[in-house]
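Visitor: Provided below: entry.tsv, containing TSV, C-alpha atoms.
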chain	number	residue	atom	x	y	z
B	272	PHE	CA	74.66	60.34	118.54
B	273	VAL	CA	78.24	60.63	117.40
B	274	TRP	CA	77.12	61.08	113.81
B	275	ALA	CA	74.63	63.74	114.91
B	276	VAL	CA	77.39	65.65	116.69
B	277	PHE	CA	79.58	65.29	113.60
B	278	ILE	CA	76.89	66.65	111.26
B	279	LEU	CA	76.11	69.53	113.65
B	280	LEU	CA	79.76	70.55	113.94
B	281	VAL	CA	80.39	70.20	110.23
B	282	GLY	CA	77.27	72.30	109.54
B	283	CYS	CA	78.43	75.06	111.90
B	284	GLN	CA	81.89	74.84	110.42
B	285	SER	CA	80.46	75.16	106.91
B	286	LYS	CA	78.42	78.24	107.85
B	287	ASP	CA	81.46	79.81	109.49
B	288	GLU	CA	83.59	79.01	106.47
B	289	VAL	CA	81.01	80.49	104.09
B	290	SER	CA	80.84	83.65	106.21
B	291	ASN	CA	84.61	83.80	106.51
B	292	LEU	CA	84.99	83.13	102.81
B	293	LYS	CA	82.71	86.07	102.04
B	294	GLU	CA	84.77	88.32	104.33
B	295	ASP	CA	88.01	87.10	102.75
B	296	LEU	CA	86.63	87.81	99.28
B	297	ILE	CA	85.53	91.30	100.29
B	298	VAL	CA	88.97	92.05	101.76
B	299	ALA	CA	90.73	90.58	98.74
B	300	ASN	CA	88.48	92.53	96.40
B	301	GLU	CA	89.20	95.77	98.25
B	302	LYS	CA	92.93	95.10	98.14
B	303	THR	CA	93.00	94.45	94.41
B	304	ALA	CA	90.27	96.72	93.10
B	305	SER	CA	89.92	99.55	95.61
B	306	HIS	CA	91.20	102.90	94.45
B	307	PHE	CA	90.39	106.56	94.96
B	308	TYR	CA	89.12	109.65	93.21
B	309	TYR	CA	89.48	113.26	94.29
B	310	ASP	CA	86.42	115.41	95.00
B	311	GLU	CA	87.63	118.98	94.43
B	312	LYS	CA	84.54	120.46	96.08
B	313	GLU	CA	85.02	118.54	99.31
B	314	LEU	CA	88.82	118.25	99.10
B	315	LYS	CA	88.54	114.55	99.93
B	316	TRP	CA	89.80	111.31	98.41
B	317	LYS	CA	86.96	108.84	98.03
B	318	ARG	CA	87.16	105.08	97.63
B	319	ILE	CA	85.86	103.57	94.41
B	320	LEU	CA	85.94	100.03	93.03
B	321	THR	CA	87.64	100.28	89.67
B	322	ASP	CA	90.53	98.78	87.76
B	323	ASN	CA	91.08	101.90	85.67
B	324	ILE	CA	93.48	103.60	88.12
B	325	ASN	CA	96.82	101.91	88.71
B	326	ARG	CA	99.24	102.63	91.54
B	327	ASP	CA	101.51	104.80	89.38
B	328	SER	CA	98.57	107.10	88.69
B	329	LEU	CA	97.86	107.39	92.41
B	330	VAL	CA	101.51	108.15	93.11
B	331	ASN	CA	101.28	110.94	90.52
B	332	MET	CA	98.13	112.20	92.25
B	333	VAL	CA	100.07	112.40	95.53
B	334	LEU	CA	102.76	114.46	93.79
B	335	GLU	CA	100.15	116.71	92.18
B	336	LEU	CA	98.44	117.30	95.53
B	337	ASN	CA	101.77	118.23	97.07
B	338	ASN	CA	102.46	120.66	94.22
B	339	GLN	CA	99.03	122.27	94.46
B	340	GLY	CA	99.45	122.73	98.21
B	341	THR	CA	102.82	124.40	97.63
B	342	ASP	CA	101.22	126.79	95.11
B	343	PHE	CA	98.69	127.81	97.77
B	344	ARG	CA	101.50	128.31	100.29
B	345	ASP	CA	103.43	130.56	97.87
B	346	ASN	CA	100.33	132.73	97.74
B	347	ALA	CA	100.04	132.80	101.57
B	348	GLN	CA	96.86	130.65	101.52
B	349	PHE	CA	98.04	128.44	104.33
B	350	LYS	CA	94.77	126.69	105.21
B	351	ASN	CA	94.36	125.50	101.64
B	352	ALA	CA	98.02	124.52	101.51
B	353	LEU	CA	97.67	122.47	104.68
B	354	THR	CA	94.47	120.82	103.44
B	355	TYR	CA	96.06	119.70	100.18
B	356	HIS	CA	99.24	118.51	101.87
B	357	PHE	CA	97.29	116.46	104.42
B	358	GLU	CA	95.27	114.91	101.59
B	359	ALA	CA	98.55	114.05	99.87
B	360	PHE	CA	99.86	112.43	103.06
B	361	GLN	CA	96.71	110.40	103.67
B	362	LEU	CA	96.58	109.12	100.10
B	363	ALA	CA	100.30	108.29	100.20
B	364	GLU	CA	99.67	106.27	103.38
B	365	GLU	CA	96.79	104.39	101.72
B	366	ILE	CA	98.96	103.27	98.79
B	367	ASN	CA	102.19	102.81	100.82
B	368	ASP	CA	103.99	105.59	98.93
B	369	THR	CA	106.82	106.35	101.39
B	370	LEU	CA	108.36	109.07	99.24
B	371	GLY	CA	104.98	110.79	98.93
B	372	GLN	CA	104.52	110.60	102.70
B	373	ILE	CA	107.91	112.18	103.38
B	374	LEU	CA	107.30	114.94	100.86
B	375	ALA	CA	103.88	115.70	102.37
B	376	LEU	CA	105.21	115.68	105.94
B	377	ASN	CA	107.94	118.17	105.04
B	378	ASN	CA	105.36	120.32	103.27
B	379	ILE	CA	103.05	120.26	106.28
B	380	GLY	CA	105.99	121.30	108.45
B	381	THR	CA	106.74	124.21	106.11
B	382	ASP	CA	103.07	125.28	106.03
B	383	LEU	CA	103.00	125.39	109.82
B	384	ARG	CA	106.31	127.27	109.99
B	385	ARG	CA	104.86	129.98	107.75
B	386	THR	CA	102.12	130.51	110.35
B	387	SER	CA	104.58	130.55	113.27
B	388	SER	CA	103.37	127.13	114.47
B	389	ASN	CA	106.94	125.98	115.02
B	390	LEU	CA	106.30	123.37	117.72
B	391	GLU	CA	103.75	121.58	115.54
B	392	ALA	CA	105.97	122.02	112.47
B	393	SER	CA	108.92	120.33	114.18
B	394	GLU	CA	106.87	117.16	114.76
B	395	TYR	CA	106.20	116.74	111.04
B	396	HIS	CA	109.79	117.45	110.01
B	397	TYR	CA	110.97	114.90	112.59
B	398	LYS	CA	108.47	112.33	111.24
B	399	ALA	CA	109.75	113.01	107.72
B	400	LEU	CA	113.34	112.60	108.97
B	401	GLU	CA	112.45	109.29	110.65
B	402	LEU	CA	110.99	107.88	107.42
B	403	ALA	CA	113.83	109.26	105.29
B	404	ASN	CA	116.44	107.58	107.53
B	405	ARG	CA	115.11	104.14	106.53
B	406	ASN	CA	116.54	104.21	103.03
B	407	GLU	CA	119.42	106.00	101.33
B	408	LEU	CA	117.13	106.63	98.37
B	409	TYR	CA	115.40	109.27	100.49
B	410	ALA	CA	118.59	111.24	101.17
B	411	LYS	CA	117.25	114.35	99.42
B	412	ASN	CA	114.14	114.36	101.58
B	413	LYS	CA	116.29	113.83	104.66
B	414	ALA	CA	118.20	116.98	103.74
B	415	ILE	CA	114.92	118.88	103.32
B	416	ALA	CA	113.68	117.73	106.74
B	417	MET	CA	116.95	118.81	108.38
B	418	ASN	CA	116.73	122.15	106.64
B	419	GLY	CA	113.21	122.63	107.98
B	420	LEU	CA	114.32	121.82	111.52
B	421	GLY	CA	117.26	124.21	111.14
B	422	ASN	CA	114.85	126.99	110.17
B	423	ILE	CA	112.74	126.29	113.26
B	424	PHE	CA	115.79	126.64	115.54
B	425	LEU	CA	116.71	129.81	113.65
B	426	VAL	CA	113.31	131.33	114.44
B	427	LEU	CA	113.71	130.22	118.07
B	428	LYS	CA	117.02	132.16	118.16
B	429	LYS	CA	119.09	129.01	118.69
B	430	PRO	CA	121.86	129.44	116.10
B	431	ILE	CA	124.07	126.58	117.34
B	432	GLU	CA	121.31	123.97	116.88
B	433	ALA	CA	120.26	125.57	113.58
B	434	GLN	CA	123.83	125.51	112.28
B	435	SER	CA	124.16	121.81	113.11
B	436	TYR	CA	121.09	120.88	111.04
B	437	PHE	CA	122.01	123.18	108.14
B	438	GLU	CA	125.54	121.76	107.94
B	439	LYS	CA	124.24	118.17	107.91
B	440	SER	CA	121.73	119.08	105.23
B	441	LEU	CA	124.44	120.85	103.19
B	442	GLU	CA	126.68	117.77	103.40
B	443	ILE	CA	123.95	115.62	101.85
B	444	GLU	CA	123.22	118.19	99.13
B	445	LYS	CA	126.92	118.30	98.20
B	446	LYS	CA	126.99	114.50	97.84
B	447	LEU	CA	123.89	114.70	95.66
B	448	LYS	CA	125.50	117.57	93.70
B	449	SER	CA	122.30	119.58	94.10
B	450	ASN	CA	122.91	123.25	93.31
B	451	LEU	CA	119.52	124.25	94.66
B	452	GLY	CA	120.00	122.31	97.90
B	453	GLN	CA	123.43	123.85	98.42
B	454	ALA	CA	122.08	127.31	97.63
B	455	ILE	CA	119.33	127.02	100.24
B	456	ASN	CA	121.65	125.75	102.98
B	457	TYR	CA	124.41	128.28	102.28
B	458	ALA	CA	121.81	131.04	102.58
B	459	ASN	CA	120.50	129.63	105.85
B	460	LEU	CA	124.04	129.31	107.24
B	461	GLY	CA	124.57	132.92	106.20
B	462	GLU	CA	121.58	133.88	108.35
B	463	VAL	CA	123.05	131.88	111.25
B	464	MET	CA	126.31	133.84	110.99
B	465	ARG	CA	124.37	137.08	110.80
B	466	MET	CA	122.57	136.12	114.00
B	467	LYS	CA	125.93	135.36	115.59
B	468	GLY	CA	127.17	138.82	114.61
B	469	ASP	CA	129.72	137.62	112.04
B	470	ALA	CA	128.74	139.88	109.12
B	471	VAL	CA	131.82	139.05	107.01
B	472	ARG	CA	131.19	135.29	107.15
B	473	ALA	CA	127.46	135.87	106.60
B	474	ILE	CA	128.08	137.79	103.37
B	475	GLN	CA	130.57	135.14	102.24
B	476	LEU	CA	128.00	132.37	102.73
B	477	TYR	CA	125.26	134.37	100.98
B	478	ASN	CA	127.65	134.86	98.05
B	479	TYR	CA	128.20	131.06	97.94
B	480	SER	CA	124.42	130.69	97.80
B	481	LEU	CA	124.19	133.35	95.10
B	482	GLN	CA	126.71	131.47	92.95
B	483	GLN	CA	124.72	128.24	93.20
B	484	ASN	CA	121.47	130.06	92.41
B	485	GLU	CA	123.03	131.70	89.36
B	486	ILE	CA	124.14	128.27	88.05
B	487	ILE	CA	120.55	127.03	88.04
B	488	GLN	CA	119.09	130.48	87.25
B	489	SER	CA	116.84	130.47	90.31
B	490	HIS	CA	115.29	133.94	90.32
B	491	ILE	CA	113.82	133.41	93.77
B	492	GLY	CA	117.17	132.34	95.24
B	493	ILE	CA	119.10	135.17	93.55
B	494	ALA	CA	116.58	137.75	94.78
B	495	ILE	CA	116.65	136.43	98.37
B	496	CYS	CA	120.47	136.51	98.45
B	497	LYS	CA	120.68	140.04	97.07
B	498	LYS	CA	118.11	141.23	99.59
B	499	ALA	CA	119.94	139.56	102.49
B	500	ILE	CA	123.37	140.89	101.46
B	501	GLY	CA	121.80	144.34	101.02
B	502	SER	CA	120.33	144.21	104.54
B	503	ILE	CA	123.71	143.27	106.05
B	504	LEU	CA	125.53	146.00	104.09
B	505	TYR	CA	122.96	148.54	105.25
B	506	GLU	CA	123.65	147.59	108.86
B	507	GLN	CA	127.34	148.14	108.14
B	508	GLY	CA	126.68	151.63	106.81
B	509	GLN	CA	127.02	150.86	103.06
B	510	LYS	CA	123.59	152.35	102.38
B	511	ASP	CA	123.76	153.16	98.66
B	512	ARG	CA	125.09	149.72	97.71
B	513	ALA	CA	122.55	148.11	100.01
B	514	LYS	CA	119.61	149.90	98.37
B	515	LEU	CA	120.94	149.08	94.91
B	516	LEU	CA	121.03	145.36	95.76
B	517	MET	CA	117.52	145.47	97.21
B	518	ARG	CA	116.13	147.17	94.11
B	519	GLU	CA	117.82	144.53	91.96
B	520	ALA	CA	116.21	141.87	94.16
B	521	ILE	CA	112.75	143.38	93.59
B	522	ASP	CA	113.24	143.46	89.81
B	523	ILE	CA	114.36	139.82	89.82
B	524	ILE	CA	111.58	138.49	92.09
B	525	LYS	CA	109.02	140.05	89.72
B	526	LEU	CA	110.05	137.38	87.20
B	527	THR	CA	108.54	134.72	89.48
B	528	GLN	CA	105.06	133.87	90.78
B	529	ASP	CA	106.25	133.76	94.41
B	530	ALA	CA	104.01	136.34	96.10
B	531	PHE	CA	105.35	135.58	99.58
B	532	HIS	CA	109.01	136.36	98.88
B	533	ASP	CA	108.04	139.21	96.57
B	534	MET	CA	106.38	141.03	99.49
B	535	GLU	CA	109.17	140.08	101.91
B	536	ILE	CA	111.79	141.73	99.67
B	537	GLN	CA	109.64	144.82	99.04
B	538	ILE	CA	109.06	145.21	102.78
B	539	ALA	CA	112.81	145.10	103.44
B	540	LEU	CA	113.47	147.93	100.95
B	541	CYS	CA	110.47	149.91	102.20
B	542	GLU	CA	111.81	149.77	105.78
B	543	VAL	CA	115.20	151.06	104.59
B	544	LEU	CA	113.63	153.92	102.61
B	545	ILE	CA	111.49	154.95	105.58
B	546	ALA	CA	114.59	154.97	107.81
B	547	GLU	CA	116.34	157.11	105.14
B	548	HIS	CA	113.29	159.42	105.12
B	549	GLN	CA	112.73	158.75	101.39
B	550	LEU	CA	109.03	158.67	102.08
B	551	ASP	CA	107.63	159.22	98.58
B	552	GLU	CA	109.46	156.22	97.11
B	553	ALA	CA	108.65	154.22	100.22
B	554	GLN	CA	104.95	155.03	99.74
B	555	ILE	CA	104.99	153.84	96.13
B	556	ILE	CA	106.51	150.51	97.16
B	557	LEU	CA	104.16	150.22	100.12
B	558	ASN	CA	101.10	150.77	97.90
B	559	ASN	CA	102.31	147.87	95.77
B	560	ILE	CA	102.78	145.67	98.87
B	561	LEU	CA	99.27	146.55	100.08
B	562	ASN	CA	97.73	145.68	96.70
B	563	ASN	CA	99.51	142.32	96.60
B	564	ALA	CA	98.65	141.52	100.23
B	565	GLN	CA	94.97	142.34	99.64
B	566	GLU	CA	94.91	140.31	96.44
B	567	ILE	CA	96.03	137.13	98.19
B	568	ASN	CA	94.40	138.10	101.52
B	569	SER	CA	97.62	137.73	103.52
B	570	PHE	CA	96.82	139.01	107.02
B	571	GLU	CA	100.48	138.93	108.06
B	572	HIS	CA	101.61	141.18	105.21
B	573	LEU	CA	98.60	143.45	105.64
B	574	LYS	CA	99.50	143.87	109.31
B	575	ILE	CA	103.11	144.76	108.43
B	576	SER	CA	101.98	147.06	105.61
B	577	TYR	CA	99.70	149.13	107.84
B	578	GLU	CA	102.42	149.35	110.48
B	579	LEU	CA	104.72	150.78	107.80
B	580	GLN	CA	101.92	153.09	106.63
B	581	SER	CA	101.49	154.34	110.18
B	582	ASP	CA	105.23	155.05	110.37
B	583	ILE	CA	105.20	156.96	107.05
B	584	SER	CA	102.14	159.00	108.07
B	585	ARG	CA	103.67	159.82	111.46
B	586	ARG	CA	106.89	161.04	109.82
B	587	LYS	CA	104.75	163.22	107.52
B	588	GLN	CA	102.98	164.48	110.66
B	589	ASP	CA	99.64	163.14	109.45
B	590	PHE	CA	98.79	161.83	112.90
B	591	GLN	CA	95.14	161.03	112.15
B	592	GLN	CA	96.15	158.74	109.27
B	593	ALA	CA	98.94	157.28	111.40
B	594	LEU	CA	96.43	156.38	114.12
B	595	HIS	CA	93.96	154.93	111.60
B	596	SER	CA	96.70	152.76	110.01
B	597	LYS	CA	97.81	151.59	113.44
B	598	GLU	CA	94.26	150.53	114.24
B	599	LEU	CA	94.06	148.60	110.96
B	600	ALA	CA	97.38	146.92	111.75
B	601	ILE	CA	95.90	145.73	115.07
B	602	VAL	CA	92.79	144.42	113.28
B	603	TYR	CA	94.91	142.41	110.86
B	604	ARG	CA	97.16	141.23	113.68
B	605	ASP	CA	94.11	139.80	115.43
B	606	SER	CA	92.89	138.30	112.13
B	607	MET	CA	96.32	136.74	111.64
B	608	LEU	CA	96.14	135.17	115.10
B	609	VAL	CA	92.68	133.78	114.31
B	610	GLN	CA	93.95	132.41	110.98
B	611	ASN	CA	96.95	130.81	112.67
B	612	ASN	CA	94.67	129.24	115.28
B	613	GLU	CA	92.46	127.89	112.47
B	614	VAL	CA	95.54	126.36	110.87
B	615	ARG	CA	96.47	124.74	114.20
B	616	ILE	CA	92.93	123.40	114.61
B	617	LEU	CA	93.03	122.02	111.06
B	618	GLU	CA	96.35	120.36	111.85
B	619	LEU	CA	94.98	118.85	115.07
B	620	GLU	CA	91.88	117.55	113.28
B	621	ASN	CA	93.97	115.83	110.64
B	622	ARG	CA	96.38	114.48	113.23
B	623	TYR	CA	93.39	113.02	115.12
B	624	LYS	CA	92.05	111.49	111.91
B	625	ASN	CA	95.40	109.84	111.29
B	626	LYS	CA	95.55	108.48	114.84
B	627	GLU	CA	91.98	107.25	114.54
B	628	ALA	CA	92.87	105.49	111.27
B	629	ILE	CA	95.88	103.84	112.92
B	630	GLN	CA	93.68	102.65	115.79
B	631	GLN	CA	91.17	101.21	113.33
B	632	ILE	CA	93.95	99.41	111.47
B	633	LYS	CA	95.25	97.95	114.75
B	634	LEU	CA	91.72	96.86	115.67
B	635	LEU	CA	91.29	95.17	112.29
B	636	GLU	CA	94.64	93.44	112.67
B	637	SER	CA	93.63	92.19	116.14
B	638	GLU	CA	90.32	90.92	114.79
B	639	LYS	CA	92.12	89.20	111.92
B	640	LYS	CA	94.52	87.46	114.35
B	641	LEU	CA	91.59	86.37	116.53
B	642	PHE	CA	89.73	85.08	113.48
B	643	GLU	CA	92.79	83.10	112.33
B	644	LYS	CA	93.26	81.67	115.83
B	645	ASN	CA	89.60	80.59	115.99
B	646	LYS	CA	89.87	79.08	112.56
B	647	ILE	CA	92.92	77.02	113.63
B	648	ASN	CA	91.09	75.86	116.77
B	649	GLN	CA	88.05	74.90	114.70
B	650	ASN	CA	90.23	72.93	112.30
B	651	ARG	CA	91.82	71.12	115.25
B	652	ILE	CA	88.40	70.23	116.67
B	653	PHE	CA	87.28	69.03	113.24
B	654	LEU	CA	90.42	66.87	112.91
B	655	LEU	CA	89.95	65.47	116.41
B	656	ILE	CA	86.32	64.54	115.72
B	657	PHE	CA	87.30	63.01	112.39
B	658	LEU	CA	89.96	60.86	114.08
B	659	LEU	CA	87.49	59.90	116.79
B	660	LEU	CA	84.89	58.88	114.23
B	661	LEU	CA	87.51	57.05	112.20
B	662	THR	CA	88.60	55.13	115.29
B	663	LEU	CA	84.99	54.38	116.21
B	664	SER	CA	84.23	53.23	112.66
B	665	GLY	CA	87.30	50.98	112.71
B	666	PHE	CA	86.28	49.51	116.05
B	667	MET	CA	82.73	48.85	114.84
B	668	TYR	CA	84.06	47.27	111.63
B	669	PHE	CA	86.39	45.07	113.71
B	670	ARG	CA	83.44	43.95	115.89
B	671	TYR	CA	81.45	43.21	112.74
B	672	LEU	CA	84.26	40.94	111.42
B	673	GLN	CA	84.53	39.18	114.79
B	674	ARG	CA	80.79	38.38	114.80
B	675	ARG	CA	80.96	36.90	111.30
B	676	LYS	CA	83.82	34.61	112.33
B	677	ILE	CA	81.86	33.40	115.37
B	678	SER	CA	78.75	32.79	113.31
As structure tokens, how would this structure be written, given the file I've shared?
Guide:
Amino acid sequence: FVWAVFILLVGCQSKDEVSNLKEDLIVANEKTASHFYYDEKELKWKRILTDNINRDSLVNMVLELNNQGTDFRDNAQFKNALTYHFEAFQLAEEINDTLGQILALNNIGTDLRRTSSNLEASEYHYKALELANRNELYAKNKAIAMNGLGNIFLVLKKPIEAQSYFEKSLEIEKKLKSNLGQAINYANLGEVMRMKGDAVRAIQLYNYSLQQNEIIQSHIGIAICKKAIGSILYEQGQKDRAKLLMREAIDIIKLTQDAFHDMEIQIALCEVLIAEHQLDEAQIILNNILNNAQEINSFEHLKISYELQSDISRRKQDFQQALHSKELAIVYRDSMLVQNNEVRILELENRYKNKEAIQQIKLLESEKKLFEKNKINQNRIFLLIFLLLLTLSGFMYFRYLQRRKIS
């Protein structure tokens, strides 16, 4: 009977071990040979079993996805930008690329900020900041996250909080001796001072930013600074100098592929020209803005453009055209709201997917712990039975020796 029990238990144990061994081999195989490829049609990373793609290649793919998303954002295609940046984040998570995760999180935050989704954006910048705080190697990305949070507080008209983040970010950029990082933060601090009503300090800070941008020959940065200084000077009554700086900014931004800032700078000059009643020049610039906005299908810039067109037409006493342009502005405003809602929905879907993935990982970890616990218990039972059988065998052998002595 004892031997029957032993054979039965060993048989069950063997079946369990074979099954467990198969599972272990599958897991091990996935860990060593599981990689990904990118389906451009579906915008999805798909798992493949291959040894041809090493981790460095996947890290480069994460970087490329981040860059492609940023290109979409520069052309005001925010849904595509968000899609690519989420794909970058998910792949970076799969391969434990912390730097790629931080970069993607900051990019997602910036995408959402561009669509006025500031509450959602703050969550991703804070997540990026949390990861960046774990290692000094991520100091640059920490500065970027702080800059993003500062911009959110700036939009929310909270200059004190914004200034705190910008100053911390600037401190890091100075330590890293990053001209671009310093340029960005000086410009943002200039906007803080402008919001506070300190025009002199604002211009000073924008000039600091301009100097840093000129060192690295950043056309985008130089154009933004000239536009901002021009706007402040216009408010102070220095209209001719202000318009000169804005025109210079437009010429400089044309040297770049940044459609977003190109239109932003043109809009600023157009608004000044309309206020100055220089309507013919304003119309020429506005036609250019409209063409660019239609080319990249930017609802926000189309809305602003038709509002400006309505203003020009009203000043020319073409009230029918003014009304028609106002109606178009409302249409594009509604379209912009729909687009922004779609971006929020896309963000929520991806956030849910990430949470679902985390839950699945936790479930797998729990199952693994339970499996290991059961395996330990089975080994203990096996050892106990073995000792029992060994003891029984020893006893029977002892009895056998005793009988031989008696006989």
Visitor: Give me, as an NGL selection string, all polymer residues having an atom no more than 12 Å from Ser388 of chain B, counting all atoms listed in the file and skipping those fewer than 2 positions away in the same chain.
Guide: :B and (349 or 379-386 or 390-395 or 423 or 426-427 or 608 or 610-616 or 618-619)
Visitor: Extract, using all atoms listed in the file, all DNA, RNA and protein residues at most 10 Å from Leu599 of chain B, discarding same-chain residues fewer than 4 positions from it, and format them as a list in words.
Guide: Leu573, Lys574, Ser576, Tyr577, Glu578, Ser581, Ala593, Leu594, His595, Tyr603, Arg604 and Asp605 of chain B
Visitor: Please compute the atom CA of Ala546 of chain B-atom CA of Ala600 of chain B distance, one decimal, in Å.
Guide: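 Going from atom CA of Ala546 of chain B over to atom CA of Ala600 of chain B covers 19.4 Å.
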Visitor: Find the residues around segment 336-346 of chain B up to 9 Å (only C-alpha atoms counted), leave out those fewer than 2 positions away in its own chain, and share them as a PDB file with C-alpha atoms, keeping the file's coordinate frame.
Guide:
ATOM      1  CA  ASN B 331     101.280 110.940  90.520  1.00  0.00           C
ATOM      2  CA  MET B 332      98.130 112.200  92.250  1.00  0.00           C
ATOM      3  CA  VAL B 333     100.070 112.400  95.530  1.00  0.00           C
ATOM      4  CA  LEU B 334     102.760 114.460  93.790  1.00  0.00           C
ATOM      5  CA  GLN B 348      96.860 130.650 101.520  1.00  0.00           C
ATOM      6  CA  PHE B 349      98.040 128.440 104.330  1.00  0.00           C
ATOM      7  CA  LYS B 350      94.770 126.690 105.210  1.00  0.00           C
ATOM      8  CA  ASN B 351      94.360 125.500 101.640  1.00  0.00           C
ATOM      9  CA  ALA B 352      98.020 124.520 101.510  1.00  0.00           C
ATOM     10  CA  LEU B 353      97.670 122.470 104.680  1.00  0.00           C
ATOM     11  CA  THR B 354      94.470 120.820 103.440  1.00  0.00           C
ATOM     12  CA  TYR B 355      96.060 119.700 100.180  1.00  0.00           C
ATOM     13  CA  HIS B 356      99.240 118.510 101.870  1.00  0.00           C
ATOM     14  CA  PHE B 357      97.290 116.460 104.420  1.00  0.00           C
ATOM     15  CA  GLU B 358      95.270 114.910 101.590  1.00  0.00           C
ATOM     16  CA  ALA B 359      98.550 114.050  99.870  1.00  0.00           C
ATOM     17  CA  PHE B 360      99.860 112.430 103.060  1.00  0.00           C
ATOM     18  CA  GLY B 371     104.980 110.790  98.930  1.00  0.00           C
ATOM     19  CA  LEU B 374     107.300 114.940 100.860  1.00  0.00           C
ATOM     20  CA  ALA B 375     103.880 115.700 102.370  1.00  0.00           C
ATOM     21  CA  ASN B 378     105.360 120.320 103.270  1.00  0.00           C
ATOM     22  CA  THR B 381     106.740 124.210 106.110  1.00  0.00           C
ATOM     23  CA  ASP B 382     103.070 125.280 106.030  1.00  0.00           C
ATOM     24  CA  ARG B 385     104.860 129.980 107.750  1.00  0.00           C
ATOM     25  CA  GLN B 528     105.060 133.870  90.780  1.00  0.00           C
ATOM     26  CA  ASP B 529     106.250 133.760  94.410  1.00  0.00           C
ATOM     27  CA  ALA B 530     104.010 136.340  96.100  1.00  0.00           C
ATOM     28  CA  PHE B 531     105.350 135.580  99.580  1.00  0.00           C
ATOM     29  CA  HIS B 532     109.010 136.360  98.880  1.00  0.00           C
ATOM     30  CA  ILE B 567      96.030 137.130  98.190  1.00  0.00           C
ATOM     31  CA  ASN B 568      94.400 138.100 101.520  1.00  0.00           C
ATOM     32  CA  SER B 569      97.620 137.730 103.520  1.00  0.00           C
TER      33      SER B 569
END
Visitor: Show which residues sit within 12 Å of Gln507 of chain B, as a list in words. Count all atoms listed in the file, and ignore same-chain residues fewer than 2 positions away.
Guide: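 In the requested form, the answer reads Arg465, Gly468, Asp469, Ala470, Val471, Ile474, Ile500, Gly501, Ser502, Ile503, Leu504, Tyr505, Gln509, Lys510, Asp511, Arg512 and Ala513 of chain B.
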Visitor: From the options B:Ile521, B:Ala454, B:Ile575, B:Leu515, which residue's atoms come nearest to Glu542 of chain B, counting all atoms listed in the file?
Guide: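 For Glu542 of chain B, the nearest of the candidates is B:Ile575.
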Visitor: Between B:Asn377, B:Asn367, B:Gln475, B:Gln554, single out the one closest to Ile415 of chain B, counting all atoms listed in the file.
Guide: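 Ranked by minimum distance to Ile415 of chain B, first place goes to B:Asn377.
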Visitor: Could you work out how far atom CA of Leu329 of chain B lies from atom CA of Leu362 of chain B, giving the answer in Å with one decimal?
Guide: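 Straight-line distance from atom CA of Leu362 of chain B to atom CA of Leu329 of chain B works out to 8.0 Å.
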Visitor: What does the structure give for the distance between atom CA of Asn389 of chain B and atom CA of Gln434 of chain B, in Å to one decimal?
Guide: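 Straight-line distance from atom CA of Asn389 of chain B to atom CA of Gln434 of chain B works out to 17.1 Å.
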Visitor: As a PyMOL selection string, please: the residues near Ala410 of chain B (cut-off 9 Å, only C-alpha atoms, same-chain neighbours under 4 positions excluded).
Guide: chain B and resi 403-404+406+414-415+443-444+447
Visitor: Determine the nearest neighbour of Ile545 of chain B from the options B:Ala363, B:Val609, B:Ala433, B:Ile583, counting all atoms listed in the file.
Guide: B:Ile583
Visitor: Which residue out of B:Asn650, B:Asn459, B:Ser584, B:Ile601 has the minimum interatomic distance to Asp551 of chain B when all atoms listed in the file are used?
Guide: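 Closest to Asp551 of chain B, using all atoms listed in the file: B:Ser584.
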Visitor: For Ala458 of chain B, which residue among B:Ala520, B:Met607, B:Val330, B:Leu441 is the nearest when counting only C-alpha atoms?
Guide: B:Leu441
